[in-house]
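Student: Below is one structure. I have some questions about it.
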Amino acid sequence: MAEESQLHHRAGRQGAAAGSPAPAHLLEMRRAALRVCLLVLAALGRPGAGSEHDEEHDGEDLSHSPEKGPGHSHWSYEEREHWGEDYPDCAGTLQSPINIDMSRTIFSPQLRPIQLSGYSLPAKEKLRLRNNGHTVQLDLPESLAITGGYAQQYRAVQLHLHWGSLSGRGSEHTINGHRFAAEIHVVHYNSKYDSFNEAMVHPDGLAVLAAFLEVGPRENPYYQEILEHLYKIQGEGEEVWVPGFNIEGLLPANLKFYLHYNGSLTTPPCYQTVKWTIFNQTMLLSHDQMSTLVMTLRNDDNKPLQNNYRPVQGLHRRQVLSSFQTTAKQLPPGNEGSTATEGHTSSSFHAGDVLAVLFGVLFAITALAFLLYILKHRSQNTRLDSPGKSKVIYTAATTENTA
Ligand SMILES: *[C@@H]1O[C@H](CO)[C@@H](O)[C@H](O)[C@H]1NC(C)=O
Ligand SMILES: *[C@@H]1O[C@H](CO)[C@@H](O)[C@H](O)[C@H]1NC(C)=O
Ligand SMILES: [Zn+2]
């Protein structure tokens with residue numbers, strides 16, 4: 001830990017000496033230096049450190065008991081314990097949703113901001129809105145795409161929601177065990193495949209953007225574009241064509257802060273082919289809007305369509321990556337500073353890392369020089385000291401101070 005703080009100061013001082021303009025840069029570099037240091041410590045230390053990422057939140061894990069299931073092809077949330085019988089993937093080890101323990105997420109500076117294109121649709125373009133008995137689904141044209149943040153391009157197919165009831169929350173994912181009121185899923189498929197159906201069976205086939213919905217003080221005009229039509233599609237299988245609007249408005253303004261993991265569809269057939277993005281910023285709906293969402297639709301039994309969420313699944317050996325630093329006091333991403341500053345900060349993550357490695361190497365060289373100096377000093381002491389040689393020693397000490 002002594003080395004840690006030394007590295008810390010070294011990186012900080014050197015950053016200032018290099019004429020870095022903003023104090024934000026300094027903090028970044030210090031954090032980067034700390035990360036490098038922790039990495040080195042981890043590499044040096046425990047070789048069997050893999051257990052650190054073992055699952056912990058299997059409280060609600062499905063027990064796939066061998067009891068006889070109902071065996072019909074039409075699935076329901078009541079029979080979710082038996083999905084695995086008709087749809088084997090539902091009993092897999094890469095299932096969604098999951099609980100996300102923020103303290104176990106891994107900061108990954110390579111996770112760039114999500115970029116969307118074509119999400120703003122003109123009112124004259126009509127979209128199908130449908131009650132499919134499990135959720136309300138808005139079909140999206142293929143012109144909508146994720147063009148940044150993922151390694152490949154993904155085209156939009158549809159979006160839908162998961163919710164609870166008047167008395168209970170109903171998001172699918174949970175954060176530190178906390179369930180949110182509702183959750184939106186915008187489903188995309190990898191554009192290297194010809195269709196959603198082809199893509200959904202491949203490991204890199206699907207990308208789902210998810211955000212949590214909470215009750216806030218104001219009506220949300222974007223969600224209203226969907227909610228105002230729900231009364232027309234109360235029964236299962238009913239649909240209506242609604243005017244296009246800016247679909248991006250259904251997602252947070254901040255697309256930089258998110259969590260990422262590999263998982264599955266949360267409904268049968270539960271294919272384990274979804275790269276999940278869960279935004280840190282939550283969406284706000286008015287109390288009335290949330291009531292409309294949970295009270296209007298009916299399911300295939302003609303009962304209120306409510307609590308259409310799947311319990312959290314075992315994490316097994318998966319990791320959840322974070323595009324932002326969860327431990328840093330400076331970044332509670334809920335309250336945002338100016339966007340310009342944020343952009344600046346996130347782009348300096350990379351430079352900070354490079355500098356940290358550089359200073360780490362310099363530090364190592366200095367330490368080595370110091371070691372050599374001591375060794376030399378010792379061997380000289382065993383011989384007889386000569387004034388000429390002490391000059392050499394002096395030079396070595398100088399080298400250390402300038403590194
Ligand atoms: C997801 O799976 C891909 C392919 O196996 C792998 O390269 C990637 O590291 C995984 N991502 C995470 C967050 O584990
Ligand atoms: C957002 O990030 C903060 C800071 O790490 C965390 O406390 C909060 O639970 C996160 N919320 C979501 C929805 O990810
Ligand atoms: Zn969903």
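Quick note on naming: the chains in the structure tokens go A, B, ... in the order shown, residues restart at 1 in each chain, and ligands are numbered from 1 in order of appearance.
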Within 9 Å of Leu159 (chain A), counting only C-alpha atoms, which residues show up once you throw out same-chain ones fewer than 2 positions away? Write them as JSON, numbers by chain, please.

Tutor: {"A": [136, 137, 138, 139, 140, 156, 157, 161, 184, 185, 186, 187, 188]}

Student: Assign secondary structure with DSSP using the backbone only, and return the residues of region 55-205 of chain A in alpha helix (DSSP H) as an NGL selection string.

Tutor: :A and (83-86 or 196-199)

Student: Identify which of the residues A:Arg179, A:Arg317, A:His260, A:His162 lies closest to Met290 (chain A), counting only C-alpha atoms when measuring atom-to-atom distances.

Tutor: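 Distance minimum relative to Met290 (chain A) lands on A:His162.
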
Student: Given the choices A:Thr93, A:Gln224, A:Gln313, A:Thr266, which gets closest to Leu285 (chain A) if the distance is worked out from only C-alpha atoms?

Tutor: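 Among A:Thr93, A:Gln224, A:Gln313, A:Thr266, it is A:Gln224 that comes nearest to Leu285 (chain A).
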
Student: Let me have all residues with an atom within 7 Å of ligand 1, counting only C-alpha atoms and all ligand atoms, laid out as an mmCIF file with N, CA, C and O atoms, in the first residue's frame.

Tutor:
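Saved as pocket.cif:
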```
data_model
loop_
_atom_site.group_PDB
_atom_site.id
_atom_site.type_symbol
_atom_site.label_atom_id
_atom_site.label_comp_id
_atom_site.auth_asym_id
_atom_site.auth_seq_id
_atom_site.Cartn_x
_atom_site.Cartn_y
_atom_site.Cartn_z
ATOM 1 N N HIS A 260 -22.992 -3.284 -18.518
ATOM 2 C CA HIS A 260 -23.006 -4.194 -19.664
ATOM 3 C C HIS A 260 -22.721 -5.625 -19.219
ATOM 4 O O HIS A 260 -21.820 -5.849 -18.415
ATOM 5 N N TYR A 261 -23.522 -6.554 -19.712
ATOM 6 C CA TYR A 261 -23.211 -7.970 -19.450
ATOM 7 C C TYR A 261 -23.842 -8.838 -20.541
ATOM 8 O O TYR A 261 -24.709 -8.382 -21.299
ATOM 9 N N ASN A 262 -23.410 -10.080 -20.610
ATOM 10 C CA ASN A 262 -23.944 -11.043 -21.569
ATOM 11 C C ASN A 262 -25.071 -11.836 -20.922
ATOM 12 O O ASN A 262 -24.888 -12.434 -19.868
ATOM 13 N N ARG A 318 -20.457 -14.939 -14.630
ATOM 14 C CA ARG A 318 -20.428 -13.753 -15.482
ATOM 15 C C ARG A 318 -19.920 -12.513 -14.759
ATOM 16 O O ARG A 318 -20.043 -12.387 -13.554
ATOM 17 N N GLN A 319 -19.397 -11.584 -15.560
ATOM 18 C CA GLN A 319 -18.980 -10.294 -15.037
ATOM 19 C C GLN A 319 -19.907 -9.212 -15.570
ATOM 20 O O GLN A 319 -20.406 -9.315 -16.683
ATOM 21 N N VAL A 320 -20.127 -8.210 -14.760
ATOM 22 C CA VAL A 320 -20.879 -7.041 -15.219
ATOM 23 C C VAL A 320 -19.898 -5.886 -15.336
ATOM 24 O O VAL A 320 -19.204 -5.557 -14.374
ATOM 25 N N LEU A 321 -19.815 -5.324 -16.521
ATOM 26 C CA LEU A 321 -18.903 -4.204 -16.750
ATOM 27 C C LEU A 321 -19.647 -2.886 -16.561
ATOM 28 O O LEU A 321 -20.854 -2.798 -16.783
#
```

Student: Would you mind reading off the distance between CA of Gln158 (chain A) and CA of Ile106 (chain A), one decimal, in Å?

Tutor: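 Separation of CA of Gln158 (chain A) and CA of Ile106 (chain A): 29.5 Å.
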
Student: For Arg112 (chain A), please output as a list in words all residues within 10 Å (counting only C-alpha atoms; exclusion window: fewer than 3 positions along the same chain).

Tutor: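 Non-adjacent residues within range: Ser108, Pro109, Gln115, Gly148, Gly149, Tyr150, Ala151, Leu255, Lys256, Phe257, Tyr258, Ser323, Phe324, Ser346 and Ser347 of chain A.
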
Student: Closest to ligand 3 among A:Leu121, A:Leu265, A:Ile278, A:Ile233, using only C-alpha atoms and all ligand atoms?

Tutor: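 Comparing A:Leu121, A:Leu265, A:Ile278, A:Ile233 against ligand 3, the winner is A:Leu265.
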
Student: Mind the document's chain letters and residue numbers, and return as a ChimeraX atom specification the residues of region 123-288 of chain A that DSSP labels strand (DSSP E or B).

Tutor: /A:126-131,136-139,145-148,154-163,174-175,178-179,182-190,206-215,239-243,246,258-263,274-279,283-285

Student: Need to verify the contact set: Lys124 (chain A), 12 Å, only C-alpha atoms, exclusion of same-chain residues closer than 6 positions in sequence. Can you return it as a VMD selection string?

Tutor: chain A and resid 241 to 245
